[in-house]
file upload14.cif (mmCIF, C-alpha atoms)
data_target
#
loop_
_atom_site.group_PDB
_atom_site.id
_atom_site.type_symbol
_atom_site.label_atom_id
_atom_site.label_comp_id
_atom_site.auth_asym_id
_atom_site.auth_seq_id
_atom_site.Cartn_x
_atom_site.Cartn_y
_atom_site.Cartn_z
ATOM 1 C CA MET A 923 177.023 140.347 115.464
ATOM 2 C CA LEU A 924 173.296 139.823 115.818
ATOM 3 C CA LEU A 925 171.827 140.080 112.296
ATOM 4 C CA ALA A 926 168.089 139.988 111.563
ATOM 5 C CA LEU A 927 166.718 139.097 108.139
ATOM 6 C CA THR A 928 163.187 139.954 107.053
ATOM 7 C CA GLY A 929 161.122 140.487 103.925
ATOM 8 C CA GLY A 930 157.732 139.916 102.398
ATOM 9 C CA PRO A 931 156.076 136.556 101.700
ATOM 10 C CA ALA A 932 157.839 134.513 99.004
ATOM 11 C CA THR A 933 160.725 136.945 98.628
ATOM 12 C CA GLY A 934 163.334 134.282 99.377
ATOM 13 C CA LYS A 935 164.074 134.891 103.057
ATOM 14 C CA SER A 936 164.794 131.257 103.863
ATOM 15 C CA THR A 937 166.900 130.826 100.737
ATOM 16 C CA LEU A 938 169.006 133.870 101.539
ATOM 17 C CA ALA A 939 169.336 132.826 105.178
ATOM 18 C CA GLY A 940 170.627 129.448 104.016
ATOM 19 C CA LEU A 941 173.135 131.092 101.670
ATOM 20 C CA LEU A 942 174.420 133.365 104.425
ATOM 21 C CA ALA A 943 174.653 130.539 106.967
ATOM 22 C CA GLY A 944 176.560 128.456 104.430
ATOM 23 C CA ARG A 945 179.079 131.230 103.888
ATOM 24 C CA HIS A 946 179.663 132.418 107.458
ATOM 25 C CA ALA A 947 179.634 130.733 110.858
ATOM 26 C CA PHE A 948 176.252 132.046 111.925
ATOM 27 C CA GLU A 949 174.119 130.354 114.521
ATOM 28 C CA ALA A 950 170.732 130.573 112.847
ATOM 29 C CA PHE A 951 167.112 130.918 113.924
ATOM 30 C CA ASP A 952 164.065 130.592 111.655
ATOM 31 C CA ALA A 953 160.879 132.104 113.091
ATOM 32 C CA ASP A 954 158.617 130.285 110.608
ATOM 33 C CA ALA A 955 160.197 126.936 111.489
ATOM 34 C CA CYS A 956 159.757 127.764 115.176
ATOM 35 C CA VAL A 957 156.053 128.479 114.595
ATOM 36 C CA HIS A 958 155.664 125.168 112.770
ATOM 37 C CA GLU A 959 157.323 123.347 115.664
ATOM 38 C CA LEU A 960 155.160 125.078 118.253
ATOM 39 C CA LEU A 961 151.948 124.311 116.358
ATOM 40 C CA ALA A 962 152.944 120.679 115.889
ATOM 41 C CA ALA A 963 154.371 119.774 119.264
ATOM 42 C CA ASP A 964 153.884 122.364 122.030
ATOM 43 C CA PRO A 965 150.894 121.290 124.180
ATOM 44 C CA GLY A 966 150.390 124.752 125.654
ATOM 45 C CA ILE A 967 150.357 126.446 122.250
ATOM 46 C CA ILE A 968 148.071 123.815 120.738
ATOM 47 C CA ALA A 969 145.648 124.127 123.661
ATOM 48 C CA ALA A 970 145.603 127.921 123.339
ATOM 49 C CA VAL A 971 144.932 127.702 119.593
ATOM 50 C CA VAL A 972 142.074 125.225 120.102
ATOM 51 C CA THR A 973 140.598 127.405 122.848
ATOM 52 C CA GLU A 974 140.725 130.431 120.562
ATOM 53 C CA PHE A 975 139.675 128.858 117.250
ATOM 54 C CA GLY A 976 137.936 125.573 118.104
ATOM 55 C CA PRO A 977 138.803 121.887 117.484
ATOM 56 C CA GLY A 978 138.215 122.260 113.740
ATOM 57 C CA VAL A 979 141.779 123.544 113.355
ATOM 58 C CA LEU A 980 143.240 120.176 114.436
ATOM 59 C CA ASP A 981 144.265 117.369 112.114
ATOM 60 C CA PRO A 982 143.454 113.701 112.887
ATOM 61 C CA ALA A 983 146.749 113.334 114.784
ATOM 62 C CA GLY A 984 145.829 116.145 117.159
ATOM 63 C CA ALA A 985 148.295 118.680 115.768
ATOM 64 C CA VAL A 986 147.225 122.018 114.388
ATOM 65 C CA HIS A 987 146.271 121.731 110.707
ATOM 66 C CA ARG A 988 148.262 124.682 109.413
ATOM 67 C CA PRO A 989 146.525 125.090 106.019
ATOM 68 C CA ALA A 990 143.122 125.347 107.721
ATOM 69 C CA LEU A 991 144.444 127.770 110.313
ATOM 70 C CA ARG A 992 146.235 129.838 107.671
ATOM 71 C CA ALA A 993 143.089 130.123 105.545
ATOM 72 C CA LEU A 994 141.165 131.238 108.620
ATOM 73 C CA VAL A 995 143.559 133.895 109.903
ATOM 74 C CA PHE A 996 144.545 135.419 106.569
ATOM 75 C CA SER A 997 140.911 136.009 105.673
ATOM 76 C CA ASP A 998 140.198 137.692 109.019
ATOM 77 C CA PRO A 999 142.635 140.305 110.403
ATOM 78 C CA ALA A 1000 141.135 140.051 113.886
ATOM 79 C CA ALA A 1001 141.685 136.278 113.908
ATOM 80 C CA ARG A 1002 145.265 136.800 112.737
ATOM 81 C CA ARG A 1003 145.916 139.184 115.631
ATOM 82 C CA ARG A 1004 144.504 136.629 118.086
ATOM 83 C CA LEU A 1005 146.823 133.955 116.696
ATOM 84 C CA GLU A 1006 149.815 136.305 116.804
ATOM 85 C CA ALA A 1007 149.065 137.028 120.470
ATOM 86 C CA ILE A 1008 149.481 133.304 121.135
ATOM 87 C CA LEU A 1009 152.549 132.673 118.991
ATOM 88 C CA HIS A 1010 154.680 135.819 119.093
ATOM 89 C CA PRO A 1011 155.639 135.720 122.798
ATOM 90 C CA ALA A 1012 156.774 132.108 122.526
ATOM 91 C CA VAL A 1013 158.769 132.735 119.351
ATOM 92 C CA ARG A 1014 160.372 135.871 120.771
ATOM 93 C CA HIS A 1015 161.370 134.044 123.946
ATOM 94 C CA ARG A 1016 163.216 131.451 121.879
ATOM 95 C CA TRP A 1017 165.199 133.804 119.670
ATOM 96 C CA LEU A 1018 165.985 136.197 122.509
ATOM 97 C CA ASP A 1019 167.414 133.309 124.511
ATOM 98 C CA GLN A 1020 169.460 132.054 121.563
ATOM 99 C CA ALA A 1021 170.673 135.558 120.673
ATOM 100 C CA GLY A 1022 171.725 136.187 124.261
ATOM 101 C CA ARG A 1023 173.712 132.974 124.399
ATOM 102 C CA CYS A 1024 175.421 133.827 121.111
ATOM 103 C CA ARG A 1025 176.352 137.317 122.281
ATOM 104 C CA ASP A 1026 177.741 135.957 125.546
ATOM 105 C CA ALA A 1027 179.823 133.379 123.649
ATOM 106 C CA GLY A 1028 181.013 135.798 120.945
ATOM 107 C CA ARG A 1029 179.184 133.946 118.149
ATOM 108 C CA ASP A 1030 177.415 135.592 115.231
ATOM 109 C CA PHE A 1031 173.649 135.103 115.159
ATOM 110 C CA LEU A 1032 171.286 135.248 112.158
ATOM 111 C CA ALA A 1033 167.537 135.368 112.766
ATOM 112 C CA ASP A 1034 164.983 135.047 109.949
ATOM 113 C CA ILE A 1035 161.962 136.944 111.316
ATOM 114 C CA PRO A 1036 159.247 137.817 108.765
ATOM 115 C CA LEU A 1037 157.483 140.275 111.104
ATOM 116 C CA LEU A 1038 160.687 141.887 112.343
ATOM 117 C CA PHE A 1039 159.547 145.503 112.067
ATOM 118 C CA GLU A 1040 155.872 144.807 112.731
ATOM 119 C CA THR A 1041 156.733 143.363 116.169
ATOM 120 C CA GLY A 1042 159.473 145.863 117.063
ATOM 121 C CA ALA A 1043 162.056 143.085 117.202
ATOM 122 C CA ASP A 1044 164.555 145.044 115.114
ATOM 123 C CA ARG A 1045 165.694 147.001 118.173
ATOM 124 C CA PHE A 1046 167.370 143.897 119.586
ATOM 125 C CA PHE A 1047 169.742 143.466 116.618
ATOM 126 C CA ASP A 1048 173.017 145.045 115.541
ATOM 127 C CA ALA A 1049 172.038 145.035 111.851
ATOM 128 C CA THR A 1050 168.932 144.382 109.780
ATOM 129 C CA LEU A 1051 168.497 143.041 106.267
ATOM 130 C CA ALA A 1052 165.401 142.976 104.067
ATOM 131 C CA VAL A 1053 165.010 140.733 101.027
ATOM 132 C CA ALA A 1054 162.516 141.918 98.438
ATOM 133 C CA ALA A 1055 160.846 140.856 95.218
ATOM 134 C CA SER A 1056 158.217 142.434 93.011
ATOM 135 C CA ALA A 1057 154.571 141.846 93.914
ATOM 136 C CA ASP A 1058 154.039 139.884 90.690
ATOM 137 C CA VAL A 1059 156.910 137.548 91.541
ATOM 138 C CA GLN A 1060 155.626 137.109 95.087
ATOM 139 C CA ARG A 1061 152.148 136.187 93.848
ATOM 140 C CA ARG A 1062 153.518 133.739 91.281
ATOM 141 C CA ARG A 1063 155.701 131.999 93.876
ATOM 142 C CA LEU A 1064 152.806 131.762 96.328
ATOM 143 C CA GLN A 1065 150.554 130.319 93.612
ATOM 144 C CA GLU A 1066 153.250 127.737 92.858
ATOM 145 C CA ARG A 1067 153.078 126.738 96.540
ATOM 146 C CA GLY A 1068 149.392 125.942 96.073
ATOM 147 C CA LEU A 1069 147.853 128.913 97.872
ATOM 148 C CA ASP A 1070 144.516 130.237 96.645
ATOM 149 C CA GLN A 1071 144.139 133.867 95.612
ATOM 150 C CA ALA A 1072 142.252 134.960 98.729
ATOM 151 C CA THR A 1073 144.917 133.512 101.023
ATOM 152 C CA ILE A 1074 147.665 135.099 98.938
ATOM 153 C CA GLU A 1075 146.098 138.552 99.147
ATOM 154 C CA GLY A 1076 145.476 138.152 102.875
ATOM 155 C CA LEU A 1077 149.060 137.054 103.423
ATOM 156 C CA LEU A 1078 150.453 140.011 101.485
ATOM 157 C CA ALA A 1079 148.171 142.426 103.307
ATOM 158 C CA SER A 1080 149.173 141.060 106.725
ATOM 159 C CA GLN A 1081 152.631 142.630 106.612
ATOM 160 C CA LEU A 1082 154.038 146.111 106.255
ATOM 161 C CA PRO A 1083 154.235 147.354 102.669
ATOM 162 C CA MET A 1084 157.463 146.280 101.007
ATOM 163 C CA ASP A 1085 158.717 149.833 100.533
ATOM 164 C CA GLU A 1086 158.395 150.500 104.262
ATOM 165 C CA LYS A 1087 160.358 147.372 105.147
ATOM 166 C CA LEU A 1088 163.066 148.374 102.695
ATOM 167 C CA SER A 1089 163.264 151.910 104.048
ATOM 168 C CA ARG A 1090 163.715 150.631 107.609
ATOM 169 C CA ALA A 1091 166.293 147.928 106.855
ATOM 170 C CA GLY A 1092 170.003 148.604 107.115
ATOM 171 C CA SER A 1093 170.688 146.518 103.989
ATOM 172 C CA VAL A 1094 168.494 145.375 101.095
ATOM 173 C CA VAL A 1095 168.773 142.372 98.777
ATOM 174 C CA TRP A 1096 166.583 142.133 95.649
ATOM 175 C CA ASN A 1097 165.480 138.634 94.678
ATOM 176 C CA ASN A 1098 163.563 138.696 91.415
ATOM 177 C CA GLY A 1099 166.221 136.698 89.610
ATOM 178 C CA THR A 1100 168.250 133.524 89.786
ATOM 179 C CA LEU A 1101 169.749 131.678 92.723
ATOM 180 C CA GLY A 1102 173.176 132.608 91.401
ATOM 181 C CA ALA A 1103 172.315 136.307 91.519
ATOM 182 C CA LEU A 1104 171.072 135.923 95.074
ATOM 183 C CA ALA A 1105 174.281 134.101 96.050
ATOM 184 C CA ARG A 1106 176.399 136.935 94.671
ATOM 185 C CA GLN A 1107 174.412 139.415 96.743
ATOM 186 C CA ALA A 1108 174.959 137.253 99.831
ATOM 187 C CA ASP A 1109 178.711 137.468 99.264
ATOM 188 C CA LEU A 1110 178.549 141.255 98.848
ATOM 189 C CA LEU A 1111 176.468 141.588 101.989
ATOM 190 C CA LEU A 1112 178.958 139.650 104.105
ATOM 191 C CA GLU A 1113 181.739 141.809 102.711
ATOM 192 C CA ARG A 1114 179.789 144.967 103.569
ATOM 193 C CA LEU A 1115 179.187 143.740 107.121
ATOM 194 C CA CYS A 1116 182.870 142.772 107.490
ATOM 195 C CA LEU A 1117 181.961 139.147 108.156
ATOM 196 C CA SER A 1118 184.478 136.622 106.937
ATOM 197 C CA PRO A 1119 183.455 133.682 104.730
ATOM 198 C CA GLN A 1120 183.745 130.115 105.947
ATOM 199 C CA PRO A 1121 187.283 128.731 105.610
#

call {"tool": "encode", "arguments": {"input": "upload14.cif", "output": "structure tokens"}}
result
Amino acid sequence: MLLALTGGPATGKSTLAGLLAGRHAFEAFDADACVHELLAADPGIIAAVVTEFGPGVLDPAGAVHRPALRALVFSDPAARRRLEAILHPAVRHRWLDQAGRCRDAGRDFLADIPLLFETGADRFFDATLAVAASADVQRRRLQERGLDQATIEGLLASQLPMDEKLSRAGSVVWNNGTLGALARQADLLLERLCLSPQP
């Protein structure tokens, strides 16, 4: 099975992905981690970002300074679209390749893709899952990560409304509560999808 996980900012996507991968033999892909890797170490991506946004987005080591870039693109929708045009093809190439190899080998694949529906990636998967939290909880978690209010609002506005993501997903997990509650929902989800737990 090729399973895609999505959700809004600070809803617990990575946490749920980790719970699922710990309970079933998924081969996993994390789109955010892929973006971080590309911005830190891919010369072609770094060069394209500098060409588009200028050398001020680099840190002293020559890697992209993600906080500066994030503040720039989430305050300017046009800038965000220019960055997405650089990053999305590279990220999609990676998960498509990994998903194809998993399907050919009969392995289950779990991809954590925040912009799953926004980019039309959902059509490549057998099942989709959205993890949600209330807007107040999202804002509190983002504040705890050190983001300023303007960046938080830009980040929330950059994605589809939560209710639309939930209506399009095949399964929904609600994550306003404890880690234990989220773990129980992970178990129920695997049962619903007829995926066996790890021995």

call {"tool": "closest_atom_pairs", "arguments": {"input": "upload14.cif", "of": "stretch 938-998 of chain A", "to": "stretch 1096-1112 of chain A", "cutoff": "12 Å", "atoms": "all atoms listed in the file", "output": "Markdown table"}}
result
| residue | atom | partner | partner_atom | distance |
| --- | --- | --- | --- | --- |
| A:Leu938 | CA | A:Ala1108 | CA | 7.1 |
| A:Ala939 | CA | A:Ala1108 | CA | 8.9 |
| A:Gly940 | CA | A:Ala1108 | CA | 9.9 |
| A:Leu941 | CA | A:Ala1105 | CA | 6.5 |
| A:Leu942 | CA | A:Ala1108 | CA | 6.0 |
| A:Ala943 | CA | A:Ala1108 | CA | 9.8 |
| A:Gly944 | CA | A:Ala1108 | CA | 10.1 |
| A:Arg945 | CA | A:Asp1109 | CA | 7.8 |
| A:His946 | CA | A:Leu1112 | CA | 8.0 |
| A:Ala947 | CA | A:Leu1112 | CA | 11.2 |
| A:Phe948 | CA | A:Leu1112 | CA | 11.2 |

call {"tool": "atom_distance", "arguments": {"input": "upload14.cif", "atom1": "atom CA of A:Val1095", "atom2": "atom CA of A:Gln1020"}}
result
25.0 Å

call {"tool": "closest_residue", "arguments": {"input": "upload14.cif", "among": "A:Pro999, A:Phe1039, A:Ala970, A:Ala950", "to": "A:Ala1021", "atoms": "only C-alpha atoms"}}
result
A:Ala950

call {"tool": "resolve_selection", "arguments": {"input": "upload14.cif", "expression": "the PyMOL selection byres ((chain A and resi 984) around 12)", "output": "NGL selection string"}}
result
:A and (961-965 or 968-969 or 971-972 or 977-983 or 985-988)

call {"tool": "residues_around", "arguments": {"input": "upload14.cif", "residues": "A:Lys935", "least_positions_apart": "5", "cutoff": "9 Å", "atoms": "all atoms listed in the file", "output": "NGL selection string"}}
result
:A and (927-930 or 940 or 1034-1036 or 1052-1054)

call {"tool": "resolve_selection", "arguments": {"input": "upload14.cif", "expression": "the PyMOL selection byres ((chain A and resi 998) around 12)", "output": "PyMOL selection string"}}
result
chain A and resi 991-997+999-1005+1072-1073+1075-1077+1079-1080

call {"tool": "closest_residue", "arguments": {"input": "upload14.cif", "among": "A:Ala1007, A:Cys1024, A:Ala1057, A:Ala1012", "to": "A:Met923", "atoms": "all atoms listed in the file"}}
result
A:Cys1024

call {"tool": "atom_distance", "arguments": {"input": "upload14.cif", "atom1": "atom CA of A:Leu1082", "atom2": "atom CA of A:Thr937"}}
result
20.7 Å

call {"tool": "closest_residue", "arguments": {"input": "upload14.cif", "among": "A:Val1094, A:Ala932, A:Leu1009, A:Arg1045", "to": "A:Ile1074", "atoms": "only C-alpha atoms"}}
result
A:Ala932

call {"tool": "closest_residue", "arguments": {"input": "upload14.cif", "among": "A:Pro1011, A:Leu1078, A:Leu1037, A:Glu949", "to": "A:Arg1061", "atoms": "only C-alpha atoms"}}
result
A:Leu1078

call {"tool": "closest_residue", "arguments": {"input": "upload14.cif", "among": "A:Gly1022, A:Asp954, A:Pro989, A:Leu1117", "to": "A:Arg1067", "atoms": "all atoms listed in the file"}}
result
A:Pro989

call {"tool": "axis_aligned_box", "arguments": {"input": "upload14.cif", "around": "stretch 1049-1053 of chain A", "padding_each_side": "6 Å", "output": "AutoDock Vina command-line options"}}
result
--center_x 168.5 --center_y 142.9 --center_z 106.4 --size_x 19.0 --size_y 16.3 --size_z 22.8

call {"tool": "closest_residue", "arguments": {"input": "upload14.cif", "among": "A:Thr1050, A:Ser936, A:Thr973, A:Thr1041", "to": "A:Gly1092", "atoms": "all atoms listed in the file"}}
result
A:Thr1050

call {"tool": "decode", "arguments": {"input": "upload14.cif", "residues": "stretch 1060-1087 of chain A", "atoms": "C-alpha atoms", "output": "PDB file, in the first residue's frame"}}
result
ATOM      1  CA  GLN A1060      -1.924  24.981  15.994  1.00  0.00           C
ATOM      2  CA  ARG A1061      -1.108  28.593  16.867  1.00  0.00           C
ATOM      3  CA  ARG A1062       0.036  27.674  20.375  1.00  0.00           C
ATOM      4  CA  ARG A1063       2.331  24.923  19.072  1.00  0.00           C
ATOM      5  CA  LEU A1064       3.804  27.233  16.438  1.00  0.00           C
ATOM      6  CA  GLN A1065       4.407  29.930  19.063  1.00  0.00           C
ATOM      7  CA  GLU A1066       6.182  27.333  21.211  1.00  0.00           C
ATOM      8  CA  ARG A1067       8.480  26.693  18.228  1.00  0.00           C
ATOM      9  CA  GLY A1068       9.489  30.355  18.317  1.00  0.00           C
ATOM     10  CA  LEU A1069       7.600  31.623  15.275  1.00  0.00           C
ATOM     11  CA  ASP A1070       6.333  35.199  15.296  1.00  0.00           C
ATOM     12  CA  GLN A1071       2.653  35.948  14.769  1.00  0.00           C
ATOM     13  CA  ALA A1072       3.023  37.197  11.194  1.00  0.00           C
ATOM     14  CA  THR A1073       4.879  34.051  10.136  1.00  0.00           C
ATOM     15  CA  ILE A1074       2.314  31.871  11.893  1.00  0.00           C
ATOM     16  CA  GLU A1075      -0.601  33.518  10.101  1.00  0.00           C
ATOM     17  CA  GLY A1076       1.216  33.335   6.768  1.00  0.00           C
ATOM     18  CA  LEU A1077       1.995  29.668   7.318  1.00  0.00           C
ATOM     19  CA  LEU A1078      -1.614  28.844   8.177  1.00  0.00           C
ATOM     20  CA  ALA A1079      -2.891  30.809   5.199  1.00  0.00           C
ATOM     21  CA  SER A1080      -0.494  29.059   2.802  1.00  0.00           C
ATOM     22  CA  GLN A1081      -2.403  25.775   2.901  1.00  0.00           C
ATOM     23  CA  LEU A1082      -5.914  24.634   2.128  1.00  0.00           C
ATOM     24  CA  PRO A1083      -8.404  25.241   4.934  1.00  0.00           C
ATOM     25  CA  MET A1084      -8.419  22.381   7.416  1.00  0.00           C
ATOM     26  CA  ASP A1085     -12.021  21.417   6.694  1.00  0.00           C
ATOM     27  CA  GLU A1086     -11.223  20.990   3.002  1.00  0.00           C
ATOM     28  CA  LYS A1087      -8.252  18.745   3.746  1.00  0.00           C
TER      29      LYS A1087
END
